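The data block below is input_9.cif; it holds mmCIF, C-alpha atoms and all ligand atoms.
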data_model
loop_
_atom_site.label_atom_id
_atom_site.label_comp_id
_atom_site.auth_asym_id
_atom_site.auth_seq_id
_atom_site.Cartn_x
_atom_site.Cartn_y
_atom_site.Cartn_z
CA MET A 1 -2.37 41.15 77.77
CA THR A 2 0.25 39.34 75.73
CA LYS A 3 -0.23 40.18 72.06
CA ILE A 4 0.50 37.61 69.36
CA LEU A 5 0.61 38.38 65.65
CA TYR A 6 -0.32 35.35 63.55
CA VAL A 7 0.70 35.58 59.89
CA GLU A 8 -1.42 33.06 57.98
CA ASP A 9 -3.47 33.10 54.78
CA ASP A 10 -5.56 29.99 55.47
CA VAL A 11 -8.79 30.96 57.22
CA SER A 12 -9.37 27.64 59.05
CA SER A 13 -5.81 27.70 60.48
CA GLN A 14 -6.38 31.33 61.53
CA ARG A 15 -9.56 30.35 63.39
CA LEU A 16 -8.01 27.31 65.08
CA VAL A 17 -4.95 29.15 66.39
CA GLN A 18 -7.02 32.15 67.38
CA ARG A 19 -9.42 29.92 69.37
CA ILE A 20 -6.66 28.01 71.17
CA LEU A 21 -4.62 31.09 72.08
CA MET A 22 -7.55 33.30 73.05
CA ALA A 23 -8.78 30.54 75.38
CA GLU A 24 -5.37 30.79 77.07
CA GLY A 25 -5.79 34.54 77.55
CA PHE A 26 -3.66 35.81 74.63
CA ASP A 27 -4.66 38.69 72.38
CA VAL A 28 -4.34 37.47 68.76
CA VAL A 29 -3.95 39.75 65.74
CA ILE A 30 -4.08 38.23 62.24
CA ALA A 31 -2.28 39.29 59.06
CA ASP A 32 -3.07 37.29 55.94
CA ASN A 33 -0.17 38.32 53.71
CA GLY A 34 3.43 39.45 53.94
CA ILE A 35 2.93 43.14 53.34
CA SER A 36 0.12 43.42 55.87
CA ALA A 37 2.25 41.40 58.35
CA ILE A 38 4.99 44.05 58.09
CA GLU A 39 2.48 46.87 58.54
CA THR A 40 0.68 45.14 61.43
CA GLY A 41 3.97 44.29 63.12
CA ARG A 42 5.12 47.89 62.89
CA ARG A 43 1.79 49.19 64.21
CA GLU A 44 0.90 46.63 66.88
CA HIS A 45 4.32 45.83 68.35
CA PRO A 46 3.36 42.23 69.24
CA ASP A 47 5.10 40.23 71.98
CA LEU A 48 5.49 37.24 69.66
CA ILE A 49 4.95 36.53 65.97
CA LEU A 50 3.77 33.21 64.57
CA MET A 51 4.78 33.01 60.92
CA ASP A 52 3.36 30.73 58.28
CA ILE A 53 6.16 30.31 55.74
CA ASN A 54 4.10 29.51 52.64
CA ILE A 55 2.14 32.69 52.18
CA SER A 56 1.67 34.36 48.84
CA GLY A 57 3.67 37.42 47.75
CA LEU A 58 6.56 37.91 50.15
CA ASP A 59 7.01 34.52 51.83
CA GLY A 60 7.43 33.91 55.56
CA TYR A 61 11.26 33.84 55.36
CA GLU A 62 11.37 37.22 53.64
CA VAL A 63 8.80 38.78 55.96
CA THR A 64 10.80 37.56 58.96
CA THR A 65 14.02 39.06 57.60
CA ARG A 66 12.21 42.36 56.97
CA LEU A 67 10.52 42.39 60.40
CA ARG A 68 13.93 42.02 62.05
CA THR A 69 15.00 45.37 60.60
CA ILE A 70 12.03 47.25 62.07
CA GLU A 71 12.75 49.29 65.16
CA GLY A 72 11.29 47.58 68.22
CA LEU A 73 10.93 44.22 66.49
CA GLU A 74 14.62 43.26 66.37
CA ASN A 75 14.28 40.96 69.38
CA VAL A 76 10.62 39.89 69.28
CA PRO A 77 10.39 36.08 69.14
CA ILE A 78 9.32 34.96 65.66
CA VAL A 79 8.25 31.34 65.37
CA ALA A 80 7.75 29.62 62.01
CA VAL A 81 4.56 27.55 61.93
CA THR A 82 4.42 25.56 58.77
CA ALA A 83 3.55 22.35 57.04
CA ALA A 84 6.73 22.61 54.94
CA THR A 85 8.69 19.54 55.82
CA LEU A 86 11.48 19.47 53.28
CA ARG A 87 14.96 19.01 54.61
CA GLY A 88 16.42 22.37 55.53
CA ASP A 89 13.09 24.17 56.01
CA ARG A 90 13.64 24.50 59.73
CA GLU A 91 17.23 25.73 59.27
CA ARG A 92 16.19 28.16 56.54
CA ALA A 93 13.55 29.64 58.89
CA LEU A 94 16.19 30.05 61.59
CA VAL A 95 18.79 31.73 59.37
CA ALA A 96 16.06 34.06 58.02
CA GLY A 97 15.60 35.33 61.58
CA CYS A 98 13.10 33.00 63.27
CA ASN A 99 13.77 31.91 66.86
CA GLY A 100 11.96 28.63 66.55
CA TYR A 101 9.90 26.27 64.46
CA ILE A 102 6.55 24.57 65.15
CA PRO A 103 5.52 22.02 62.51
CA LYS A 104 1.95 21.84 61.18
CA PRO A 105 -0.52 20.32 61.88
CA ILE A 106 -0.10 21.85 65.30
CA ASP A 107 -0.55 19.72 68.37
CA VAL A 108 -3.55 21.38 70.01
CA ASP A 109 -2.59 20.24 73.52
CA GLN A 110 1.05 21.25 73.38
CA PHE A 111 0.70 24.42 71.31
CA PRO A 112 0.01 26.92 74.16
CA ASP A 113 3.03 25.62 76.10
CA GLN A 114 5.23 25.83 73.00
CA VAL A 115 4.17 29.44 72.52
CA ARG A 116 4.83 30.24 76.19
CA ALA A 117 8.29 28.69 75.97
CA TYR A 118 9.23 30.93 73.00
CA LEU A 119 7.75 33.91 74.84
CA VAL A 120 10.17 33.42 77.74
CA GLY A 121 13.17 33.16 75.47
CA MET A 122 13.49 29.60 74.12
CA GLU A 123 15.72 29.50 71.02
CA ASP A 124 16.20 26.73 68.46
CA ASN A 125 19.66 26.26 66.96
CA VAL A 126 20.72 25.69 63.40
CA GLY A 127 23.65 23.47 64.29
CA SER A 128 27.35 24.05 63.69
CA ALA A 129 28.75 27.40 62.51
CA GLU A 130 29.63 25.85 59.12
CA GLU A 131 26.10 24.58 58.67
CA LYS A 132 24.72 27.98 59.54
CA ALA A 133 27.04 29.71 57.05
CA GLU A 134 25.97 27.25 54.36
CA TYR A 135 22.27 27.89 54.98
CA LEU A 136 22.84 31.65 55.08
CA LEU A 137 24.59 31.55 51.73
CA GLU A 138 21.78 29.49 50.25
CA TYR A 139 19.20 31.87 51.71
CA ASN A 140 20.98 34.90 50.26
CA GLN A 141 21.16 33.30 46.84
CA ARG A 142 17.49 32.43 47.07
CA LEU A 143 16.66 36.06 47.95
CA VAL A 144 18.59 37.35 44.96
CA SER A 145 16.90 34.93 42.57
CA ARG A 146 13.46 35.80 44.01
CA LEU A 147 14.31 39.47 43.50
CA GLU A 148 15.33 38.75 39.91
CA GLU A 149 12.07 36.87 39.36
CA LYS A 150 10.05 39.80 40.75
CA VAL A 151 11.91 42.34 38.60
CA ARG A 152 11.17 40.17 35.56
CA GLU A 153 7.48 39.96 36.54
CA LEU A 154 7.39 43.74 36.96
CA GLU A 155 9.02 44.26 33.58
CA GLN A 156 6.49 41.95 31.96
CA ALA A 157 3.58 43.66 33.71
CA ASN A 158 4.96 47.02 32.62
CA ALA A 159 5.30 45.90 29.00
CA GLU A 160 1.73 44.57 29.13
CA LEU A 161 0.50 47.88 30.60
CA GLN A 162 2.22 49.80 27.82
CA ARG A 163 0.65 47.50 25.23
CA VAL A 164 -2.83 48.01 26.70
CA GLU A 165 -2.20 51.76 27.00
CA LYS A 166 -1.23 51.88 23.31
CA MET A 167 -4.34 49.87 22.37
CA LYS A 168 -6.45 52.30 24.37
CA SER A 169 -4.91 55.35 22.78
CA ASP A 170 -5.19 53.80 19.28
CA PHE A 171 -8.83 53.05 19.98
CA VAL A 172 -9.57 56.57 21.20
CA VAL A 173 -7.80 58.10 18.20
CA LEU A 174 -9.68 55.82 15.78
CA ALA A 175 -13.04 56.29 17.52
CA GLY A 176 -12.43 60.07 17.56
CA HIS A 177 -11.80 60.13 13.80
CA GLU A 178 -14.79 57.88 13.13
CA LEU A 179 -17.06 60.13 15.17
CA ARG A 180 -15.70 63.31 13.71
CA THR A 181 -16.34 62.37 10.10
CA PRO A 182 -20.16 62.04 10.32
CA LEU A 183 -20.29 65.04 12.65
CA THR A 184 -18.56 67.19 10.05
CA VAL A 185 -21.16 66.08 7.51
CA ILE A 186 -24.02 66.86 9.92
CA TYR A 187 -22.50 70.26 10.68
CA GLY A 188 -22.06 71.05 6.99
CA TYR A 189 -25.69 70.21 6.14
CA LEU A 190 -26.89 72.20 9.13
CA GLN A 191 -25.04 75.26 7.86
CA ILE A 192 -26.65 74.80 4.42
CA LEU A 193 -30.08 74.55 6.04
CA LEU A 194 -29.44 77.59 8.25
CA ALA A 195 -28.46 79.64 5.21
CA ASN A 196 -31.61 78.60 3.33
CA PRO A 197 -34.13 81.49 3.24
CA ALA A 198 -36.95 78.94 2.84
CA ILE A 199 -36.44 77.88 6.50
CA PRO A 200 -38.79 80.12 8.43
CA GLY A 201 -38.00 82.20 11.50
CA SER A 202 -34.65 83.48 12.76
CA LYS A 203 -31.99 82.45 15.27
CA GLU A 204 -33.43 84.90 17.76
CA GLU A 205 -37.07 83.83 17.35
CA GLU A 206 -37.62 81.24 20.10
CA GLY A 207 -39.12 78.00 18.79
CA SER A 208 -38.87 78.90 15.10
CA PRO A 209 -37.25 76.31 12.76
CA GLN A 210 -34.21 78.59 12.29
CA HIS A 211 -33.85 78.91 16.08
CA LEU A 212 -34.14 75.15 16.58
CA LEU A 213 -31.62 74.45 13.84
CA SER A 214 -29.16 76.91 15.35
CA LYS A 215 -29.51 75.10 18.71
CA VAL A 216 -28.76 71.77 16.99
CA SER A 217 -25.78 73.38 15.31
CA GLU A 218 -24.43 74.66 18.66
CA ALA A 219 -24.83 71.19 20.18
CA VAL A 220 -22.99 69.61 17.25
CA GLU A 221 -20.13 72.09 17.67
CA ARG A 222 -19.98 71.33 21.37
CA LEU A 223 -19.90 67.61 20.62
CA SER A 224 -17.07 67.98 18.13
CA GLN A 225 -15.15 70.09 20.66
CA VAL A 226 -15.46 67.31 23.26
CA ILE A 227 -14.32 64.71 20.71
CA GLN A 228 -11.45 66.98 19.73
CA ASP A 229 -10.38 67.33 23.38
CA ILE A 230 -10.47 63.56 23.96
CA LEU A 231 -8.54 63.00 20.75
CA ASN A 232 -5.95 65.61 21.65
CA VAL A 233 -5.39 64.25 25.14
CA SER A 234 -4.73 60.77 23.72
CA LEU A 235 -2.34 62.17 21.14
CA ILE A 236 -0.55 64.20 23.81
CA ASP A 237 -0.36 61.17 26.14
CA ALA A 238 1.06 59.03 23.39
CA ASN A 239 3.50 61.78 22.33
CA ARG A 240 1.84 61.76 18.91
CA LEU A 241 0.72 65.37 18.63
CA ASP A 242 1.86 66.56 15.19
CA LEU A 243 2.62 70.25 15.14
CA ALA A 244 2.78 72.52 12.12
CA HIS A 245 5.81 74.85 11.85
CA GLU A 246 4.27 78.12 10.73
CA PRO A 247 4.50 81.76 11.63
CA VAL A 248 2.02 82.54 14.42
CA PHE A 249 0.63 86.04 15.00
CA LEU A 250 -0.51 85.77 18.60
CA ASN A 251 -2.61 88.92 18.30
CA SER A 252 -4.64 87.36 15.47
CA VAL A 253 -4.94 84.09 17.36
CA VAL A 254 -6.34 85.88 20.43
CA GLN A 255 -8.71 87.97 18.28
CA SER A 256 -10.01 84.85 16.58
CA VAL A 257 -10.47 83.06 19.94
CA LEU A 258 -12.56 85.96 21.24
CA HIS A 259 -14.56 86.21 18.03
CA ASN A 260 -15.29 82.48 18.17
CA LEU A 261 -16.26 82.51 21.85
CA ARG A 262 -18.55 85.51 21.47
CA SER A 263 -20.69 83.55 19.05
CA PHE A 264 -21.57 80.89 21.62
CA GLY A 265 -24.40 80.57 24.05
CA PRO A 266 -26.56 83.25 25.57
CA GLN A 267 -24.69 86.55 25.67
CA ARG A 268 -22.79 86.99 28.90
CA GLN A 269 -22.24 90.46 30.39
CA LEU A 270 -18.46 90.41 30.42
CA ILE A 271 -15.85 92.97 29.45
CA PHE A 272 -12.98 91.79 27.25
CA GLU A 273 -9.77 93.83 27.36
CA LEU A 274 -7.00 93.28 24.87
CA GLY A 275 -3.69 94.80 25.93
CA GLN A 276 -1.46 96.81 23.58
CA GLY A 277 1.39 94.35 24.22
CA LEU A 278 -0.28 91.77 21.97
CA LYS A 279 0.38 93.91 18.90
CA LYS A 280 4.03 94.40 19.78
CA VAL A 281 5.19 90.84 20.40
CA PRO A 282 7.16 89.24 17.58
CA VAL A 283 5.75 86.58 15.26
CA ILE A 284 6.57 83.20 16.74
CA GLU A 285 7.08 79.85 15.08
CA GLY A 286 4.52 77.16 15.91
CA ASP A 287 1.18 75.62 15.13
CA PRO A 288 -1.45 78.39 14.93
CA ARG A 289 -4.47 76.04 15.11
CA ARG A 290 -3.18 74.22 18.17
CA LEU A 291 -2.18 77.46 19.88
CA HIS A 292 -5.66 78.78 19.07
CA GLN A 293 -7.07 75.80 20.89
CA ALA A 294 -4.75 76.20 23.92
CA ILE A 295 -5.65 79.87 24.31
CA TRP A 296 -9.31 79.15 23.56
CA ASN A 297 -9.40 76.67 26.45
CA ILE A 298 -7.97 79.20 28.89
CA VAL A 299 -10.16 82.10 27.77
CA SER A 300 -13.30 79.95 27.77
CA ASN A 301 -12.49 78.92 31.36
CA GLY A 302 -12.08 82.60 32.24
CA ILE A 303 -15.56 83.21 30.82
CA LYS A 304 -17.03 80.18 32.59
CA TYR A 305 -15.66 81.06 35.99
CA THR A 306 -16.33 84.81 35.93
CA PRO A 307 -19.83 86.01 36.81
CA ASP A 308 -21.56 88.68 34.71
CA GLY A 309 -20.06 92.13 35.18
CA GLY A 310 -16.51 90.76 35.31
CA THR A 311 -13.52 91.38 33.06
CA ILE A 312 -11.29 89.04 31.07
CA SER A 313 -8.08 90.65 29.96
CA VAL A 314 -5.46 89.25 27.63
CA ASP A 315 -2.07 90.79 27.06
CA ALA A 316 1.47 89.80 26.11
CA GLU A 317 5.05 91.00 26.35
CA HIS A 318 8.36 90.14 24.74
CA LEU A 319 10.79 88.91 27.39
CA GLU A 320 14.54 88.46 27.34
CA ASP A 321 15.87 85.21 25.84
CA ASP A 322 13.40 85.62 22.98
CA VAL A 323 10.40 84.39 24.89
CA VAL A 324 6.85 85.68 24.59
CA HIS A 325 4.79 85.89 27.76
CA LEU A 326 1.03 85.88 27.27
CA TRP A 327 -1.45 86.06 30.11
CA VAL A 328 -5.21 85.74 30.53
CA LYS A 329 -6.55 87.35 33.66
CA ASP A 330 -10.10 87.13 34.90
CA THR A 331 -12.03 88.61 37.81
CA GLY A 332 -13.82 85.34 38.54
CA VAL A 333 -14.22 82.91 41.41
CA GLY A 334 -10.51 82.05 41.54
CA ILE A 335 -8.76 78.77 42.30
CA PRO A 336 -7.58 77.41 45.68
CA PRO A 337 -3.72 77.63 45.72
CA LYS A 338 -3.33 73.89 46.42
CA GLU A 339 -5.26 73.09 43.21
CA LEU A 340 -3.22 75.35 40.93
CA THR A 341 -1.09 72.54 39.54
CA HIS A 342 -3.75 69.80 39.69
CA ILE A 343 -6.13 71.67 37.37
CA PHE A 344 -3.72 70.90 34.50
CA GLU A 345 -4.14 67.17 35.05
CA ARG A 346 -6.53 65.40 32.71
CA PHE A 347 -10.08 64.74 33.95
CA TYR A 348 -9.48 67.08 36.89
CA VAL A 349 -12.51 69.18 37.76
CA LEU A 350 -12.78 71.16 40.95
CA GLU A 351 -16.54 71.30 41.10
CA ASP A 352 -18.79 68.59 42.44
CA THR A 353 -19.46 66.43 39.36
CA ALA A 354 -23.02 65.82 40.65
CA LEU A 355 -23.67 69.51 39.90
CA HIS A 356 -22.09 69.19 36.45
CA ARG A 357 -23.55 71.40 33.72
CA SER A 358 -21.96 71.17 30.31
CA SER A 359 -21.40 74.50 28.61
CA LYS A 360 -18.73 76.45 26.78
CA THR A 361 -19.54 79.84 28.19
CA ALA A 362 -22.28 79.67 30.88
CA PHE A 363 -21.18 80.78 34.35
CA LYS A 364 -19.66 77.68 36.02
CA GLY A 365 -20.60 75.49 33.04
CA GLY A 366 -18.36 72.45 33.46
CA GLY A 367 -16.53 70.30 30.96
CA LEU A 368 -14.69 66.98 30.98
CA GLY A 369 -11.69 68.34 32.83
CA LEU A 370 -9.56 68.04 29.70
CA GLY A 371 -9.29 71.67 28.61
CA LEU A 372 -6.22 72.62 30.64
CA ALA A 373 -4.56 69.22 30.12
CA VAL A 374 -4.84 69.76 26.36
CA CYS A 375 -3.59 73.32 26.74
CA LYS A 376 -0.55 72.19 28.75
CA GLY A 377 0.20 69.42 26.22
CA ILE A 378 0.10 71.89 23.32
CA ILE A 379 2.20 74.54 25.06
CA GLU A 380 4.79 72.01 26.21
CA ALA A 381 4.96 70.53 22.70
CA HIS A 382 6.01 74.06 21.66
CA ASN A 383 8.68 73.95 24.37
CA GLY A 384 6.71 76.46 26.35
CA LYS A 385 5.30 76.63 29.84
CA VAL A 386 1.84 77.29 31.25
CA TRP A 387 0.82 77.88 34.85
CA ALA A 388 -1.92 79.51 36.88
CA GLU A 389 -1.95 82.01 39.72
CA SER A 390 -4.82 82.79 42.05
CA GLU A 391 -5.16 83.93 45.63
CA GLY A 392 -7.93 81.45 46.31
CA HIS A 393 -11.47 80.49 45.51
CA ASP A 394 -14.24 82.78 46.70
CA GLU A 395 -17.56 83.17 44.91
CA HIS A 396 -18.33 86.46 46.70
CA LYS A 397 -14.98 88.25 46.88
CA LEU A 398 -13.99 87.05 43.38
CA PRO A 399 -10.18 87.02 43.71
CA GLY A 400 -9.82 86.06 40.01
CA SER A 401 -7.25 83.88 38.26
CA ASN A 402 -4.28 84.66 36.08
CA PHE A 403 -3.06 82.12 33.51
CA HIS A 404 0.45 82.58 32.10
CA ILE A 405 1.94 81.11 28.94
CA LEU A 406 5.59 81.33 27.91
CA LEU A 407 6.45 80.53 24.30
CA PRO A 408 9.86 80.63 22.63
CA VAL A 409 9.93 82.87 19.57
CA GLY A 410 12.02 80.74 17.24
CA ASN A 411 12.87 77.10 16.70
CA PRO A 412 10.50 75.91 19.43
CA PHE A 413 10.54 72.23 18.54
CA SER A 414 14.23 71.36 18.60
CA LYS A 415 14.15 70.17 22.23
CA ALA A 416 10.75 68.44 21.98
CA GLU A 417 11.76 66.57 18.83
CA LYS A 418 14.89 65.22 20.46
CA GLY A 419 12.78 63.92 23.36
P1 LIG C 501 -12.88 71.67 31.61
O1 LIG C 501 -12.40 71.19 30.28
O2 LIG C 501 -13.85 70.72 32.27
O3 LIG C 501 -13.31 73.09 31.67
P2 LIG C 501 -10.30 72.35 32.59
O4 LIG C 501 -9.18 71.37 32.49
O5 LIG C 501 -10.35 73.44 31.60
O6 LIG C 501 -11.65 71.53 32.62
O7 LIG C 501 -10.28 73.01 34.04
C1 LIG C 501 -10.14 72.19 35.19
C2 LIG C 501 -10.71 72.88 36.41
O8 LIG C 501 -9.96 74.06 36.71
C3 LIG C 501 -12.13 73.38 36.22
O9 LIG C 501 -13.03 72.38 36.62
C4 LIG C 501 -12.20 74.58 37.15
O10 LIG C 501 -12.59 74.19 38.42
C5 LIG C 501 -10.77 75.06 37.27
N1 LIG C 501 -10.55 76.32 36.51
C6 LIG C 501 -9.98 76.42 35.29
N2 LIG C 501 -9.90 77.70 34.88
C7 LIG C 501 -10.43 78.45 35.88
C8 LIG C 501 -10.62 79.86 36.08
N3 LIG C 501 -10.26 80.76 35.14
N4 LIG C 501 -11.20 80.26 37.23
C9 LIG C 501 -11.57 79.35 38.17
N5 LIG C 501 -11.41 78.02 38.04
C10 LIG C 501 -10.84 77.56 36.92
#

Show this structure as structure tokens.
Amino acid sequence: MTKILYVEDDVSSQRLVQRILMAEGFDVVIADNGISAIETGRREHPDLILMDINISGLDGYEVTTRLRTIEGLENVPIVAVTAATLRGDRERALVAGCNGYIPKPIDVDQFPDQVRAYLVGMEDNVGSAEEKAEYLLEYNQRLVSRLEEKVRELEQANAELQRVEKMKSDFVVLAGHELRTPLTVIYGYLQILLANPAIPGSKEEEGSPQHLLSKVSEAVERLSQVIQDILNVSLIDANRLDLAHEPVFLNSVVQSVLHNLRSFGPQRQLIFELGQGLKKVPVIEGDPRRLHQAIWNIVSNGIKYTPDGGTISVDAEHLEDDVVHLWVKDTGVGIPPKELTHIFERFYVLEDTALHRSSKTAFKGGGLGLGLAVCKGIIEAHNGKVWAESEGHDEHKLPGSNFHILLPVGNPFSKAEKG
């Protein structure tokens, strides 16, 4: 069956041409814009293409020129079908690569014969060689100015995107600060209440006022952690993360991370191993609070993805070129190799979000998918590197994961500040 591709964005014209040609035994495929015409042409290899010139986006001239460069379509008859009746329209269609021109409205009686004639090789001519050269030159100039116009549109769209992106990040930063302030007050009062001996019960006594208050306090801490993560990701995205330049004792940072994590949630049966290397690495220059957060995020993941009975080990070594290598290894469920880089992207969570369970330390307790993105942002702001290794994900064999961090010992910001 002879296949005809009709490029047309007007639905009633599509229907009319389809009805006439199908009644004559042709197979008709429709594309309603330039880009889809190029894709359909490449895929369907039609025997003839009917091209409306005035389509949005890439116009019919440009689509024709592009189709001519596609393997297998160099010699397919392309016929312009258009209501454009300005002087030179026909010639412009021919120099762009069309073989012929059928004006709109189409003559219903003659149309099938016109199509058949082009199918067997009929060709329209532009005229003299000089005329053709003149139209070609005009067409080329038109292409260049259309290209210029599109580049300008893209630049404008890009500037607008950046403006909206900045508005979004300003909003998130502001909203984060606004939310954090009352939360800090709530947290402060909660601590006062918890320390008050007049409040009956204890943290361990289920249902007692002390126990309930400690649950509220945990939830408030969790909430401020989430706000902190969202805030940090926006600051990192906008390159606005301010870092302190202070001496950092990685051993103390790791100790404090573990101390802090141990105080959360129901006690998990996990073994924590701190390697001797941590005590030997030199003091580095950086932001201790931010590095605390980066390491906290990795260790808390280790806890979340390691079932009870497992081990989380942290150790470090001093490498050549004055770089400290710190690693956090767990004996948990592991990560599929193809996801090892994606997990550092923001909002990336491997688990089914329908099964989402928010927790800092519970086994497989999920988060927002920001933890590792924040960690990467902080480490890279220190001119460091972070990556993960794992042989795969297996909840029975527990292959485990190993997270590595490299941090320069001195002057870590010189490169980042230049950028
Ligand atoms: P969240 O803040 O939600 O915990 P992260 O950015 O920290 O998200 O982690 C992204 C994803 O990487 C997690 O959803 C998890 O599937 C996977 N992941 C991170 N750390 C580990 C780990 N130690 N073991 C197994 N999977 C991990």

Practice problem: Compare A:Asp113, A:Glu123, A:Asp322, A:Asp315 by their minimum atom-to-atom distance to Cys98 in chain A, counting all atoms listed in the file, and give me the closest one. | Solution: A:Glu123

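Using all atoms listed in the file for every distance, the candidate list A:His404, A:His382, A:His325, A:Arg346 yields A:Arg346 as the residue closest to ligand LIG 501 (chain C).
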
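Proximity to Cys375 in chain A was assessed for A:Leu319, A:Ile271, A:Ile236, A:Val257 counting only C-alpha atoms; the smallest distance is recorded for A:Ile236.
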
Hey, which bits of chain A sit within 9 Å of ligand LIG 501 (chain C), and for each residue what's the closest pair of atoms and how far apart in Å (one decimal), counting only C-alpha atoms and all ligand atoms, rows by chain and increasing number, as JSON lines?
{"residue": "A:Val226", "atom": "CA", "partner": "C:LIG501", "partner_atom": "O1", "distance": 8.6}
{"residue": "A:Asp229", "atom": "CA", "partner": "C:LIG501", "partner_atom": "O1", "distance": 8.2}
{"residue": "A:Asn297", "atom": "CA", "partner": "C:LIG501", "partner_atom": "O5", "distance": 6.2}
{"residue": "A:Ile298", "atom": "CA", "partner": "C:LIG501", "partner_atom": "N2", "distance": 6.5}
{"residue": "A:Val299", "atom": "CA", "partner": "C:LIG501", "partner_atom": "N3", "distance": 7.5}
{"residue": "A:Ser300", "atom": "CA", "partner": "C:LIG501", "partner_atom": "O3", "distance": 7.9}
{"residue": "A:Asn301", "atom": "CA", "partner": "C:LIG501", "partner_atom": "N2", "distance": 4.5}
{"residue": "A:Gly302", "atom": "CA", "partner": "C:LIG501", "partner_atom": "N3", "distance": 3.9}
{"residue": "A:Ile303", "atom": "CA", "partner": "C:LIG501", "partner_atom": "N3", "distance": 7.3}
{"residue": "A:Lys304", "atom": "CA", "partner": "C:LIG501", "partner_atom": "N3", "distance": 7.3}
{"residue": "A:Tyr305", "atom": "CA", "partner": "C:LIG501", "partner_atom": "N4", "distance": 4.7}
{"residue": "A:Thr306", "atom": "CA", "partner": "C:LIG501", "partner_atom": "N4", "distance": 7.0}
{"residue": "A:Val328", "atom": "CA", "partner": "C:LIG501", "partner_atom": "N3", "distance": 8.5}
{"residue": "A:Lys329", "atom": "CA", "partner": "C:LIG501", "partner_atom": "N3", "distance": 7.7}
{"residue": "A:Asp330", "atom": "CA", "partner": "C:LIG501", "partner_atom": "N3", "distance": 6.4}
{"residue": "A:Thr331", "atom": "CA", "partner": "C:LIG501", "partner_atom": "N4", "distance": 8.4}
{"residue": "A:Gly332", "atom": "CA", "partner": "C:LIG501", "partner_atom": "N4", "distance": 5.9}
{"residue": "A:Val333", "atom": "CA", "partner": "C:LIG501", "partner_atom": "C9", "distance": 5.5}
{"residue": "A:Gly334", "atom": "CA", "partner": "C:LIG501", "partner_atom": "C9", "distance": 4.4}
{"residue": "A:Ile335", "atom": "CA", "partner": "C:LIG501", "partner_atom": "C9", "distance": 5.0}
{"residue": "A:Pro336", "atom": "CA", "partner": "C:LIG501", "partner_atom": "N5", "distance": 8.6}
{"residue": "A:Glu339", "atom": "CA", "partner": "C:LIG501", "partner_atom": "O8", "distance": 8.1}
{"residue": "A:Leu340", "atom": "CA", "partner": "C:LIG501", "partner_atom": "O8", "distance": 8.1}
{"residue": "A:His342", "atom": "CA", "partner": "C:LIG501", "partner_atom": "O8", "distance": 8.1}
{"residue": "A:Ile343", "atom": "CA", "partner": "C:LIG501", "partner_atom": "O8", "distance": 4.6}
{"residue": "A:Phe344", "atom": "CA", "partner": "C:LIG501", "partner_atom": "O4", "distance": 5.8}
{"residue": "A:Glu345", "atom": "CA", "partner": "C:LIG501", "partner_atom": "O4", "distance": 7.0}
{"residue": "A:Arg346", "atom": "CA", "partner": "C:LIG501", "partner_atom": "O4", "distance": 6.5}
{"residue": "A:Phe347", "atom": "CA", "partner": "C:LIG501", "partner_atom": "O4", "distance": 6.8}
{"residue": "A:Tyr348", "atom": "CA", "partner": "C:LIG501", "partner_atom": "C1", "distance": 5.4}
{"residue": "A:Val349", "atom": "CA", "partner": "C:LIG501", "partner_atom": "O9", "distance": 3.4}
{"residue": "A:Leu350", "atom": "CA", "partner": "C:LIG501", "partner_atom": "O10", "distance": 4.0}
{"residue": "A:Glu351", "atom": "CA", "partner": "C:LIG501", "partner_atom": "O10", "distance": 5.6}
{"residue": "A:Ser358", "atom": "CA", "partner": "C:LIG501", "partner_atom": "O2", "distance": 8.4}
{"residue": "A:Ser359", "atom": "CA", "partner": "C:LIG501", "partner_atom": "O3", "distance": 8.8}
{"residue": "A:Lys360", "atom": "CA", "partner": "C:LIG501", "partner_atom": "O3", "distance": 8.0}
{"residue": "A:Lys364", "atom": "CA", "partner": "C:LIG501", "partner_atom": "C4", "distance": 8.2}
{"residue": "A:Gly365", "atom": "CA", "partner": "C:LIG501", "partner_atom": "O3", "distance": 7.8}
{"residue": "A:Gly366", "atom": "CA", "partner": "C:LIG501", "partner_atom": "O2", "distance": 5.0}
{"residue": "A:Gly367", "atom": "CA", "partner": "C:LIG501", "partner_atom": "O2", "distance": 3.0}
{"residue": "A:Leu368", "atom": "CA", "partner": "C:LIG501", "partner_atom": "O2", "distance": 4.0}
{"residue": "A:Gly369", "atom": "CA", "partner": "C:LIG501", "partner_atom": "O6", "distance": 3.2}
{"residue": "A:Leu370", "atom": "CA", "partner": "C:LIG501", "partner_atom": "O1", "distance": 4.3}
{"residue": "A:Gly371", "atom": "CA", "partner": "C:LIG501", "partner_atom": "O1", "distance": 3.6}
{"residue": "A:Leu372", "atom": "CA", "partner": "C:LIG501", "partner_atom": "O4", "distance": 3.7}
{"residue": "A:Ala373", "atom": "CA", "partner": "C:LIG501", "partner_atom": "O4", "distance": 5.6}
{"residue": "A:Val374", "atom": "CA", "partner": "C:LIG501", "partner_atom": "O4", "distance": 7.7}
{"residue": "A:Cys375", "atom": "CA", "partner": "C:LIG501", "partner_atom": "O4", "distance": 8.3}
{"residue": "A:Ala388", "atom": "CA", "partner": "C:LIG501", "partner_atom": "N2", "distance": 8.4}
{"residue": "A:Ser390", "atom": "CA", "partner": "C:LIG501", "partner_atom": "N4", "distance": 8.4}
{"residue": "A:His393", "atom": "CA", "partner": "C:LIG501", "partner_atom": "C9", "distance": 7.4}
{"residue": "A:Gly400", "atom": "CA", "partner": "C:LIG501", "partner_atom": "N4", "distance": 6.6}
{"residue": "A:Ser401", "atom": "CA", "partner": "C:LIG501", "partner_atom": "N3", "distance": 5.3}
{"residue": "A:Asn402", "atom": "CA", "partner": "C:LIG501", "partner_atom": "N3", "distance": 7.2}
{"residue": "A:Phe403", "atom": "CA", "partner": "C:LIG501", "partner_atom": "N3", "distance": 7.5}
